[in-house]
$ cat final_21.txt   # compact mmCIF, C-alpha atoms
# COMPACT_ATOMS: atom_id res chain seq x y z
CA MET A 169 118.92 138.08 -44.80
CA GLY A 170 117.22 139.01 -41.65
CA LYS A 171 118.08 141.96 -39.60
CA ILE A 172 120.46 141.60 -36.74
CA LYS A 173 118.34 141.24 -33.71
CA ILE A 174 119.28 143.22 -30.72
CA PRO A 175 118.35 141.11 -27.74
CA LYS A 176 115.77 142.79 -25.68
CA SER A 177 116.77 142.86 -22.10
CA ALA A 178 116.44 145.24 -19.24
CA PRO A 179 119.57 147.28 -18.74
CA SER A 180 120.16 145.78 -15.34
CA LEU A 181 123.45 144.83 -13.86
CA ASP A 182 124.07 141.63 -12.10
CA MET A 183 124.30 142.81 -8.54
CA THR A 184 124.77 139.44 -6.93
CA PRO A 185 128.53 139.60 -6.39
CA MET A 186 128.26 143.03 -4.88
CA VAL A 187 125.51 141.95 -2.56
CA ASP A 188 127.50 138.88 -1.62
CA LEU A 189 130.44 141.02 -0.74
CA ALA A 190 128.35 143.49 1.18
CA PHE A 191 126.81 140.79 3.30
CA LEU A 192 130.14 139.16 3.83
CA LEU A 193 131.42 142.43 5.22
CA VAL A 194 128.31 142.90 7.33
CA THR A 195 128.81 139.48 8.83
CA PHE A 196 132.48 140.17 9.44
CA PHE A 197 131.84 143.45 11.19
CA MET A 198 128.97 142.05 13.17
CA LEU A 199 131.08 139.26 14.53
CA THR A 200 134.19 141.28 15.21
CA ALA A 201 132.50 144.41 16.45
CA LYS A 202 133.26 145.48 19.94
CA PHE A 203 131.28 148.56 20.50
CA ARG A 204 132.85 151.69 21.73
CA VAL A 205 131.80 152.14 25.28
CA ASN A 206 130.20 155.35 26.20
CA GLU A 207 132.80 157.57 27.76
CA ALA A 208 131.74 159.98 30.43
CA VAL A 209 134.48 162.44 29.57
CA PRO A 210 136.64 162.81 26.50
CA ILE A 211 140.13 161.62 27.37
CA LEU A 212 143.20 161.90 25.21
CA PRO A 213 145.65 159.39 26.61
CA PRO A 214 149.36 160.05 26.12
CA SER A 215 151.15 158.12 23.43
CA SER A 216 153.73 155.41 23.95
CA HIS A 217 155.70 152.79 22.06
CA SER A 218 154.09 149.98 23.99
CA GLU A 219 152.39 147.32 21.92
CA LYS A 220 150.63 145.49 24.69
CA ILE A 221 146.90 145.45 24.27
CA LEU A 222 144.72 146.32 27.20
CA PRO A 223 143.18 143.19 28.75
CA GLU A 224 139.42 142.77 28.50
CA ASN A 225 138.67 142.37 32.15
CA THR A 226 139.53 145.52 34.04
CA LEU A 227 138.76 147.74 36.95
CA GLN A 228 139.32 151.14 35.48
CA VAL A 229 139.80 154.54 36.99
CA THR A 230 139.73 157.45 34.60
CA ILE A 231 141.15 160.84 35.49
CA ASP A 232 140.31 163.84 33.36
CA THR A 233 142.28 167.04 32.89
CA ALA A 234 140.54 168.69 35.84
CA GLY A 235 141.60 165.84 38.11
CA ARG A 236 138.13 164.32 38.46
CA ALA A 237 138.00 160.58 38.96
CA PHE A 238 135.67 158.19 37.18
CA PHE A 239 135.17 154.54 37.96
CA SER A 240 134.16 151.52 35.93
CA LEU A 241 134.26 147.79 36.43
CA ASP A 242 133.55 144.90 34.08
CA GLY A 243 131.01 142.24 34.96
CA GLN A 244 127.29 142.81 35.50
CA GLU A 245 126.81 140.47 38.45
CA VAL A 246 129.76 141.96 40.24
CA ARG A 247 128.48 145.47 39.67
CA ARG A 248 125.12 144.59 41.20
CA LYS A 249 126.74 143.30 44.36
CA LEU A 250 129.08 146.27 44.42
CA LEU A 251 126.19 148.73 44.29
CA ALA A 252 124.42 146.93 47.13
CA GLU A 253 127.53 147.08 49.29
CA MET A 254 128.15 150.73 48.57
CA GLY A 255 124.48 151.47 49.28
CA ASP A 256 124.80 149.75 52.65
CA LYS A 257 127.90 151.66 53.57
CA TYR A 258 126.58 155.07 52.57
CA LYS A 259 123.02 154.40 53.75
CA ILE A 260 121.44 154.88 50.36
CA LYS A 261 118.66 152.61 49.21
CA PHE A 262 118.80 151.40 45.65
CA THR A 263 115.87 149.65 44.05
CA GLU A 264 116.05 146.53 41.93
CA VAL A 265 115.57 148.66 38.82
CA ASP A 266 118.46 150.87 39.86
CA ALA A 267 120.68 147.83 40.33
CA LYS A 268 119.76 146.60 36.89
CA ARG A 269 120.49 149.92 35.28
CA PHE A 270 123.72 150.27 37.21
CA SER A 271 124.90 146.84 36.11
CA VAL A 272 124.90 147.85 32.46
CA MET A 273 126.19 151.36 32.94
CA SER A 274 129.58 152.45 31.68
CA GLU A 275 131.94 154.60 33.67
CA PHE A 276 130.56 157.18 36.07
CA GLY A 277 132.03 159.98 38.09
CA VAL A 278 129.52 161.23 40.62
CA PRO A 279 129.62 161.23 44.42
CA MET A 280 127.34 158.77 46.21
CA ALA A 281 124.81 161.52 46.96
CA GLN A 282 124.22 162.03 43.24
CA LEU A 283 124.50 158.42 42.17
CA ALA A 284 120.80 157.56 42.39
CA GLU A 285 119.97 160.57 40.27
CA TYR A 286 122.66 159.54 37.78
CA ILE A 287 121.39 155.97 37.53
CA LYS A 288 117.79 157.07 37.00
CA GLY A 289 118.71 159.77 34.52
CA GLY A 290 118.52 159.38 30.79
CA GLU A 291 121.33 160.11 28.41
CA LYS A 292 120.76 163.84 28.66
CA GLU A 293 120.68 164.03 32.45
CA ARG A 294 123.76 161.87 32.68
CA GLY A 295 125.59 164.06 30.22
CA VAL A 296 124.82 167.12 32.33
CA LEU A 297 125.97 165.36 35.50
CA ASP A 298 129.15 164.17 33.79
CA LYS A 299 129.99 167.74 32.97
CA THR A 300 129.04 169.36 36.26
CA SER A 301 129.90 166.76 38.88
CA THR A 302 133.01 166.90 41.00
CA GLY A 303 133.99 163.36 40.15
CA ILE A 304 134.17 160.59 42.72
CA PRO A 305 135.66 162.10 45.89
CA ILE A 306 139.27 161.02 46.40
CA ASP A 307 140.38 163.09 49.36
CA SER A 308 141.32 161.23 52.51
CA VAL A 309 138.36 162.56 54.52
CA ASN A 310 135.77 161.31 52.08
CA ASN A 311 137.50 158.63 50.10
CA GLN A 312 134.64 157.17 48.09
CA LEU A 313 136.87 156.04 45.27
CA GLY A 314 138.78 153.95 47.78
CA ASP A 315 135.57 152.19 48.77
CA TRP A 316 134.53 151.59 45.18
CA ILE A 317 137.93 150.07 44.53
CA ALA A 318 138.06 147.99 47.70
CA PHE A 319 134.55 146.54 47.38
CA GLY A 320 134.79 146.15 43.63
CA TRP A 321 138.12 144.39 43.77
CA ASN A 322 136.94 142.14 46.56
CA GLU A 323 133.75 141.12 44.75
CA LYS A 324 135.73 140.55 41.59
CA GLN A 325 138.13 138.20 43.36
CA ILE A 326 135.26 136.18 44.83
CA ASP A 327 133.57 136.04 41.44
CA GLN A 328 136.73 134.90 39.69
CA GLN A 329 137.39 132.22 42.26
CA THR A 330 133.88 130.79 42.11
CA LYS A 331 133.92 130.81 38.32
CA LYS A 332 137.37 129.18 38.36
CA MET A 333 138.67 131.58 35.76
CA PRO A 334 142.23 131.07 34.56
CA LYS A 335 144.67 133.39 36.31
CA GLU A 336 145.77 135.13 33.11
CA SER A 337 142.32 136.53 32.50
CA TRP A 338 141.79 137.84 36.00
CA CYS A 339 140.85 141.43 36.47
CA ARG A 340 143.61 144.01 36.02
CA ILE A 341 143.70 147.56 37.22
CA ALA A 342 143.71 150.11 34.47
CA ILE A 343 144.41 153.78 34.92
CA LYS A 344 143.39 156.06 32.12
CA ALA A 345 144.37 159.67 32.38
CA ASP A 346 144.55 162.53 29.97
CA GLY A 347 148.03 163.58 28.94
CA GLN A 348 147.42 167.03 30.35
CA THR A 349 146.30 165.82 33.75
CA ASN A 350 148.44 167.05 36.60
CA TYR A 351 150.56 164.33 38.14
CA LYS A 352 149.14 165.19 41.56
CA ALA A 353 145.76 163.63 40.73
CA VAL A 354 147.29 160.52 39.20
CA LYS A 355 149.61 160.15 42.17
CA ARG A 356 146.66 160.33 44.55
CA VAL A 357 144.79 157.61 42.66
CA ILE A 358 147.86 155.37 42.62
CA GLN A 359 148.24 156.00 46.32
CA ILE A 360 144.63 154.96 46.94
CA PHE A 361 145.32 151.70 45.14
CA GLN A 362 148.54 151.17 47.06
CA ASP A 363 146.81 151.81 50.37
CA ARG A 364 144.69 148.79 49.52
CA ASN A 365 147.74 146.75 48.66
CA LEU A 366 147.17 146.85 44.91
CA ASN A 367 150.51 147.56 43.29
CA SER A 368 150.31 146.46 39.69
CA PHE A 369 148.75 148.76 37.13
CA ASN A 370 148.07 149.06 33.46
CA LEU A 371 148.49 152.60 32.28
CA ILE A 372 146.41 153.17 29.19
CA THR A 373 148.20 154.85 26.33
CA GLU A 374 147.76 155.24 22.64
CA MET A 375 149.95 153.98 19.89
CA GLU A 376 152.76 156.37 19.14
CA THR A 377 152.54 157.95 15.75
CA GLU A 378 155.57 159.83 14.58
CA ALA A 379 153.44 162.82 13.75
CA THR A 380 152.53 163.44 17.35
CA LYS A 381 156.13 163.68 18.49
CA MET B 223 121.03 134.36 -12.94
CA ALA B 224 118.18 132.58 -11.40
CA GLU B 225 115.82 133.08 -14.18
CA ILE B 226 113.75 130.46 -15.75
CA MET B 227 113.51 131.00 -19.40
CA ASP B 228 110.12 130.08 -20.50
CA GLY B 229 110.15 130.43 -24.18
CA GLY B 230 109.13 128.05 -26.90
CA GLY B 231 108.26 124.44 -26.59
CA GLY B 232 104.67 125.02 -25.73
CA GLY B 233 101.89 122.84 -26.91
CA HIS B 234 100.86 122.65 -30.51
CA GLY B 235 97.50 122.70 -31.92
CA LYS B 236 94.71 125.15 -31.61
CA HIS B 237 93.37 124.20 -28.25
CA GLN B 238 96.12 125.37 -26.09
CA LYS B 239 95.66 125.46 -22.41
CA LYS B 240 95.52 128.85 -20.98
CA ARG B 241 98.91 129.52 -19.56
CA ALA B 242 99.58 131.38 -16.42
CA LYS B 243 100.93 134.81 -17.06
CA LYS B 244 104.63 134.84 -17.46
CA HIS B 245 106.25 136.13 -14.33
CA SER B 246 109.88 136.69 -14.10
CA SER B 247 111.24 134.81 -11.15
CA ARG B 248 113.71 137.55 -10.55
CA VAL B 249 113.32 139.02 -7.11
CA ASP B 250 113.82 142.67 -6.63
CA MET B 251 116.83 142.75 -4.40
CA THR B 252 117.08 146.49 -3.99
CA PRO B 253 115.56 146.72 -0.48
CA MET B 254 117.73 143.90 0.73
CA VAL B 255 120.82 145.54 -0.68
CA ASP B 256 119.82 148.82 0.88
CA LEU B 257 119.47 147.18 4.22
CA GLY B 258 122.73 145.36 3.76
CA PHE B 259 124.65 148.50 3.10
CA LEU B 260 122.92 150.32 5.89
CA LEU B 261 124.07 147.64 8.32
CA LEU B 262 127.51 147.66 6.79
CA THR B 263 127.84 151.39 7.28
CA PHE B 264 126.60 151.10 10.84
CA PHE B 265 129.07 148.44 11.80
CA VAL B 266 131.96 150.10 10.04
CA LEU B 267 131.34 153.31 11.91
CA THR B 268 130.78 151.79 15.33
CA THR B 269 133.60 149.28 15.34
CA GLN B 270 136.50 150.14 17.53
CA PHE B 271 139.58 149.49 15.51
CA SER B 272 142.52 150.68 17.49
CA LYS B 273 142.34 148.90 20.77
CA PRO B 274 143.90 150.95 23.51
CA LYS B 275 147.44 150.03 24.30
CA THR B 276 148.79 149.70 27.75
CA MET B 277 151.95 149.93 29.75
CA GLU B 278 152.32 147.70 32.71
CA ILE B 279 153.89 149.16 35.78
CA ASN B 280 154.51 147.53 39.10
CA MET B 281 154.88 149.74 42.10
CA PRO B 282 156.79 148.44 45.09
CA VAL B 283 154.77 147.15 47.99
CA ILE B 284 154.79 149.74 50.72
CA PRO B 285 156.95 148.19 53.43
CA LYS B 286 155.51 147.98 56.91
CA ASP B 287 158.79 148.72 58.63
CA THR B 288 161.22 151.12 57.10
CA THR B 289 164.37 149.48 58.45
CA ASN B 290 164.54 147.00 55.65
CA ARG B 291 164.63 149.42 52.75
CA MET B 292 166.29 148.66 49.51
CA LYS B 293 169.55 150.48 49.09
CA ILE B 294 170.57 151.90 45.76
CA GLU B 295 174.22 152.12 44.93
CA ASP B 296 175.13 155.74 44.44
CA GLU B 297 177.11 155.21 41.30
CA THR B 298 174.27 153.49 39.45
CA ALA B 299 171.61 156.02 40.37
CA LEU B 300 170.21 158.50 37.91
CA THR B 301 167.57 160.84 39.22
CA LEU B 302 165.19 162.64 36.91
CA LEU B 303 163.20 165.61 38.10
CA LEU B 304 160.04 166.35 36.17
CA THR B 305 158.44 169.71 36.62
CA GLU B 306 155.68 171.77 35.14
CA LYS B 307 158.11 172.88 32.44
CA LYS B 308 157.02 170.69 29.61
CA GLU B 309 160.20 170.73 27.58
CA LYS B 310 162.87 170.24 30.20
CA ILE B 311 163.94 167.31 32.30
CA TYR B 312 166.43 168.04 35.04
CA TYR B 313 168.64 165.18 36.12
CA TYR B 314 171.73 164.32 38.08
CA TYR B 315 173.88 161.26 38.61
CA GLY B 316 174.58 159.66 41.94
CA LYS B 317 173.87 161.21 45.25
CA PHE B 318 172.08 164.49 45.73
CA LYS B 319 174.26 167.42 46.68
CA PRO B 320 172.89 170.85 47.41
CA ASP B 321 174.86 172.28 44.57
CA ALA B 322 173.33 173.52 41.36
CA SER B 323 176.33 172.39 39.30
CA ILE B 324 175.39 168.69 39.53
CA MET B 325 172.11 169.40 37.80
CA LYS B 326 171.97 168.86 34.08
CA ASN B 327 169.00 169.24 31.84
CA THR B 328 167.68 167.70 28.69
CA ASP B 329 164.40 167.38 26.82
CA TYR B 330 161.90 164.67 25.88
CA SER B 331 163.08 164.21 22.32
CA LYS B 332 164.97 161.28 20.83
CA GLU B 333 168.25 163.14 21.10
CA GLY B 334 167.45 164.23 24.62
CA VAL B 335 166.43 161.84 27.32
CA ARG B 336 166.77 158.76 25.13
CA LYS B 337 170.41 159.54 24.53
CA VAL B 338 171.01 160.03 28.25
CA PHE B 339 169.52 156.62 28.95
CA ARG B 340 171.37 154.99 26.06
CA ASP B 341 174.73 156.27 27.20
CA ARG B 342 174.09 155.22 30.74
CA ASN B 343 172.70 151.80 29.91
CA LYS B 344 174.97 150.78 27.03
CA ASP B 345 175.98 147.41 28.44
CA VAL B 346 172.48 146.21 29.08
CA ILE B 347 171.25 147.39 25.69
CA GLU B 348 174.10 145.45 24.05
CA GLN B 349 173.31 142.34 26.02
CA VAL B 350 169.61 142.46 25.26
CA LYS B 351 170.40 143.06 21.60
CA THR B 352 172.58 139.97 21.33
CA LEU B 353 169.93 137.96 23.16
CA LYS B 354 167.32 139.18 20.73
CA GLU B 355 169.48 138.13 17.81
CA LYS B 356 169.90 134.71 19.32
CA LEU B 357 166.16 134.47 19.71
CA MET B 358 165.65 135.45 16.09
CA ASN B 359 168.13 132.80 14.95
CA ARG B 360 166.36 130.24 17.11
CA GLN B 361 169.39 129.62 19.21
CA ILE B 362 167.49 130.10 22.42
CA PRO B 363 163.82 129.54 23.20
CA ASP B 364 161.40 132.26 24.14
CA THR B 365 161.39 131.52 27.85
CA THR B 366 165.17 131.55 28.11
CA TYR B 367 165.25 134.86 26.30
CA LYS B 368 162.81 136.37 28.73
CA ARG B 369 164.72 135.07 31.72
CA LEU B 370 168.11 136.22 30.46
CA ALA B 371 166.80 139.61 29.40
CA MET B 372 165.27 140.08 32.81
CA ALA B 373 168.53 139.08 34.45
CA ALA B 374 170.51 141.50 32.28
CA LYS B 375 168.12 144.35 33.07
CA GLY B 376 168.17 143.60 36.76
CA ASP B 377 171.95 143.41 36.91
CA LYS B 378 173.54 144.98 39.95
CA LYS B 379 175.62 147.32 37.87
CA ALA B 380 172.74 148.38 35.67
CA VAL B 381 171.54 151.92 36.01
CA PHE B 382 168.74 152.61 38.47
CA VAL B 383 166.53 155.46 37.40
CA ILE B 384 164.58 157.38 39.98
CA VAL B 385 161.78 159.41 38.47
CA LYS B 386 160.72 162.24 40.71
CA ALA B 387 157.76 164.20 39.53
CA ASP B 388 156.50 167.48 40.82
CA ASP B 389 152.77 167.75 41.54
CA LYS B 390 152.33 170.10 38.64
CA ALA B 391 154.10 167.87 36.15
CA LYS B 392 151.86 166.55 33.42
CA TYR B 393 150.89 162.90 33.23
CA LYS B 394 152.07 162.84 29.63
CA ASN B 395 155.61 163.65 30.72
CA ILE B 396 155.70 160.78 33.17
CA ILE B 397 154.40 158.38 30.57
CA ASP B 398 156.97 159.69 28.08
CA VAL B 399 159.76 159.01 30.53
CA ILE B 400 158.52 155.53 31.42
CA ASP B 401 158.19 154.84 27.72
CA GLU B 402 161.78 155.93 27.10
CA LEU B 403 162.87 153.72 29.99
CA ASN B 404 161.23 150.75 28.30
CA VAL B 405 162.77 151.66 24.97
CA ALA B 406 166.21 151.87 26.56
CA ASP B 407 165.77 148.45 28.23
CA ILE B 408 166.04 149.90 31.70
CA GLY B 409 164.43 147.45 34.07
CA LYS B 410 165.11 149.19 37.32
CA TYR B 411 163.21 152.36 37.94
CA ALA B 412 160.98 153.85 40.55
CA LEU B 413 158.43 156.64 40.75
CA VAL B 414 159.19 158.66 43.83
CA ASP B 415 158.10 161.97 45.30
CA ILE B 416 160.37 164.91 44.92
CA SER B 417 162.24 165.71 48.14
CA PRO B 418 162.10 169.13 49.84
CA ALA B 419 165.82 169.67 49.32
CA GLU B 420 165.51 169.04 45.60
CA LYS B 421 162.50 171.27 45.41
CA GLU B 422 164.44 173.99 47.15
CA MET B 423 167.23 173.69 44.65
CA LEU B 424 164.89 173.84 41.68
CA LYS B 425 163.45 176.98 43.22
CA VAL B 426 166.89 178.50 43.55
CA MET B 427 167.55 177.62 39.93
CA GLY B 428 164.34 179.36 39.03
CA VAL B 429 162.68 176.30 37.52
CA ILE B 430 159.65 176.29 39.79
CA GLN B 431 158.06 178.88 41.97

$ encode --input "final_21.txt" --output "structure tokens"
Amino acid sequence: MGKIKIPKSAPSLDMTPMVDLAFLLVTFFMLTAKFRVNEAVPILPPSSHSEKILPENTLQVTIDTAGRAFFSLDGQEVRRKLLAEMGDKYKIKFTEVDAKRFSVMSEFGVPMAQLAEYIKGGEKERGVLDKTSTGIPIDSVNNQLGDWIAFGWNEKQIDQQTKKMPKESWCRIAIKADGQTNYKAVKRVIQIFQDRNLNSFNLITEMETEATK
Amino acid sequence: MAEIMDGGGGGHGKHQKKRAKKHSSRVDMTPMVDLGFLLLTFFVLTTQFSKPKTMEINMPVIPKDTTNRMKIEDETALTLLLTEKKEKIYYYYGKFKPDASIMKNTDYSKEGVRKVFRDRNKDVIEQVKTLKEKLMNRQIPDTTYKRLAMAAKGDKKAVFVIVKADDKAKYKNIIDVIDELNVADIGKYALVDISPAEKEMLKVMGVIQ
């Protein structure tokens, strides 16, 4: 009788199923991923029971705990035109490169005088400006936020009409404020919108978890 | 596995052709797997899972002339006063009187403001509840439900809540109140500035400075 032969084989596992699964997940996440946008300031929105999801297409004003206002608008083409109009009004020249950088920027909260510096700055410079700036001026003497809103909204309307977008997906106004923000600042921002005849808002909140209550 | 076994079955005889060296056709997948997991980790960490939620609020259009203002029936009105005090809501029913005894207070908890709204809005809550049941049992379609629920909430006798917030009140408190309004099926509410008379009274009561 011969000896029992132990089959010689490398002690390797069959990794194929694992790899399959890994790549399946990669594909899934790649396709579903919507990247977190870079936030200029950390905001902790208040919680609510609302289950409505924020629409994709928004004009958003963010108000931090100190009452500083930040502005952002979806749509690269619209942002380009918006920057040109604001540049005209405030007599600031923006180059083509600036316009391009501005069109892909996330929210910002600097007065017009600092905007060029903000656009040209790298991540580090922007971070410093985000921390030190006074936010977009909202007082009635120098109401820059009002101009951003008016021009932005106007351009957005023109853009939506020319693209013949369905009404449901038209731009909505979103207000994002920290729970600890004083009502005064929020009231002022709402007033700025209402002065321009914009009366319907989406207030951004977070899902209520029982632990927070 | 994709491996070609190349074992026996070769040629016989002495003059065998020189065979190419046996190479396993197994590809080393380790780098690919590494890359795969790296990407996986990246996407898992950067994906935004909880999409922000939102509350829709419609403010009234500011009227050009003030003669045509909406009138609120005194008996349906409920006025909430929000101040910098984070735990307390002051409220009164009906018309404002410069008398501290009309002022009641409650808090933001389930037993607090929610109960106040519930008690005041019982009828509407009942109506919406029955409508919801009908919708669940497929007795009425979605659109009818929406229309009827809107009608019930907008009923003339339904409570009208006026939310008056002090400048120093926190945004969170306002959102909490609006949220409770939605929970209690109150469709008629307005965000208004606090009046000087009310401010004066809160001062007398020692709530604000």

$ closest_residue --input "final_21.txt" --among "A:Lys335, A:Lys268, A:Arg247, A:Lys173" --to "A:Leu227" --atoms "only C-alpha atoms"
A:Arg247

$ residues_around --input "final_21.txt" --residues "stretch 322-331 of chain B" --least-positions-apart "5" --cutoff "6 Å" --atoms "all atoms listed in the file" --output "VMD selection string"
chain B and resid 309 to 314

$ interface_residues --input "final_21.txt" --of "chain A" --to "chain B" --cutoff "7 Å" --atoms "all atoms listed in the file" --output "number ranges by chain"
A: 187, 190-191, 193-194, 197-198, 201-204, 214, 216-222, 347-352, 367-375

$ write_last_selection --input "final_21.txt" --atoms "C-alpha atoms" --output "PDB file, in the frame of the given file"
ATOM      1  CA  VAL A 187     125.510 141.950  -2.560  1.00  0.00           C
ATOM      2  CA  ALA A 190     128.350 143.490   1.180  1.00  0.00           C
ATOM      3  CA  PHE A 191     126.810 140.790   3.300  1.00  0.00           C
ATOM      4  CA  LEU A 193     131.420 142.430   5.220  1.00  0.00           C
ATOM      5  CA  VAL A 194     128.310 142.900   7.330  1.00  0.00           C
ATOM      6  CA  PHE A 197     131.840 143.450  11.190  1.00  0.00           C
ATOM      7  CA  MET A 198     128.970 142.050  13.170  1.00  0.00           C
ATOM      8  CA  ALA A 201     132.500 144.410  16.450  1.00  0.00           C
ATOM      9  CA  LYS A 202     133.260 145.480  19.940  1.00  0.00           C
ATOM     10  CA  PHE A 203     131.280 148.560  20.500  1.00  0.00           C
ATOM     11  CA  ARG A 204     132.850 151.690  21.730  1.00  0.00           C
ATOM     12  CA  PRO A 214     149.360 160.050  26.120  1.00  0.00           C
ATOM     13  CA  SER A 216     153.730 155.410  23.950  1.00  0.00           C
ATOM     14  CA  HIS A 217     155.700 152.790  22.060  1.00  0.00           C
ATOM     15  CA  SER A 218     154.090 149.980  23.990  1.00  0.00           C
ATOM     16  CA  GLU A 219     152.390 147.320  21.920  1.00  0.00           C
ATOM     17  CA  LYS A 220     150.630 145.490  24.690  1.00  0.00           C
ATOM     18  CA  ILE A 221     146.900 145.450  24.270  1.00  0.00           C
ATOM     19  CA  LEU A 222     144.720 146.320  27.200  1.00  0.00           C
ATOM     20  CA  GLY A 347     148.030 163.580  28.940  1.00  0.00           C
ATOM     21  CA  GLN A 348     147.420 167.030  30.350  1.00  0.00           C
ATOM     22  CA  THR A 349     146.300 165.820  33.750  1.00  0.00           C
ATOM     23  CA  ASN A 350     148.440 167.050  36.600  1.00  0.00           C
ATOM     24  CA  TYR A 351     150.560 164.330  38.140  1.00  0.00           C
ATOM     25  CA  LYS A 352     149.140 165.190  41.560  1.00  0.00           C
ATOM     26  CA  ASN A 367     150.510 147.560  43.290  1.00  0.00           C
ATOM     27  CA  SER A 368     150.310 146.460  39.690  1.00  0.00           C
ATOM     28  CA  PHE A 369     148.750 148.760  37.130  1.00  0.00           C
ATOM     29  CA  ASN A 370     148.070 149.060  33.460  1.00  0.00           C
ATOM     30  CA  LEU A 371     148.490 152.600  32.280  1.00  0.00           C
ATOM     31  CA  ILE A 372     146.410 153.170  29.190  1.00  0.00           C
ATOM     32  CA  THR A 373     148.200 154.850  26.330  1.00  0.00           C
ATOM     33  CA  GLU A 374     147.760 155.240  22.640  1.00  0.00           C
ATOM     34  CA  MET A 375     149.950 153.980  19.890  1.00  0.00           C
TER      35      MET A 375
END

$ closest_residue --input "final_21.txt" --among "A:Leu283, A:Ile306, A:Leu297, A:Ile358" --to "A:Ala208" --atoms "all atoms listed in the file"
A:Leu297

$ closest_residue --input "final_21.txt" --among "A:Arg340, A:Lys292, A:Lys176, A:Arg248" --to "A:Val272" --atoms "all atoms listed in the file"
A:Arg248

$ residues_around --input "final_21.txt" --residues "B:Arg340" --least-positions-apart "6" --cutoff "10 Å" --atoms "only C-alpha atoms" --output "PDB file with C-alpha atoms, in the coordinates of the input"
ATOM      1  CA  VAL B 346     172.480 146.210  29.080  1.00  0.00           C
ATOM      2  CA  ILE B 347     171.250 147.390  25.690  1.00  0.00           C
ATOM      3  CA  GLU B 402     161.780 155.930  27.100  1.00  0.00           C
ATOM      4  CA  LEU B 403     162.870 153.720  29.990  1.00  0.00           C
ATOM      5  CA  VAL B 405     162.770 151.660  24.970  1.00  0.00           C
ATOM      6  CA  ALA B 406     166.210 151.870  26.560  1.00  0.00           C
ATOM      7  CA  ASP B 407     165.770 148.450  28.230  1.00  0.00           C
ATOM      8  CA  ILE B 408     166.040 149.900  31.700  1.00  0.00           C
TER       9      ILE B 408
END

$ closest_residue --input "final_21.txt" --among "A:Ala284, A:Ile231, A:Val278, A:Ala345" --to "A:Pro213" --atoms "only C-alpha atoms"
A:Ala345

$ residues_around --input "final_21.txt" --residues "stretch 310-322 of chain A" --least-positions-apart "6" --cutoff "9 Å" --atoms "only C-alpha atoms" --output "VMD selection string"
chain A and resid 227 229 237 to 239 241 246 to 247 249 to 251 253 to 254 279 to 280 304 339 357 360 to 361 363 to 364

$ atom_distance --input "final_21.txt" --atom1 "atom CA of B:Tyr315" --atom2 "atom CA of A:Lys355"
24.6 Å

$ closest_residue --input "final_21.txt" --among "A:Gln362, A:Gly289, A:Ile341, A:Glu264" --to "A:Ser240" --atoms "all atoms listed in the file"
A:Ile341

$ atom_distance --input "final_21.txt" --atom1 "atom CA of A:Arg236" --atom2 "atom CA of A:Leu212"
14.4 Å

$ atom_distance --input "final_21.txt" --atom1 "atom CA of A:Thr263" --atom2 "atom CA of A:Tyr286"
13.5 Å

$ axis_aligned_box --input "final_21.txt" --around "stretch 338-349 of chain A" --padding-each-side "4 Å" --output "AutoDock Vina command-line options"
--center_x 144.4 --center_y 152.4 --center_z 33.1 --size_x 15.2 --size_y 37.2 --size_z 16.3
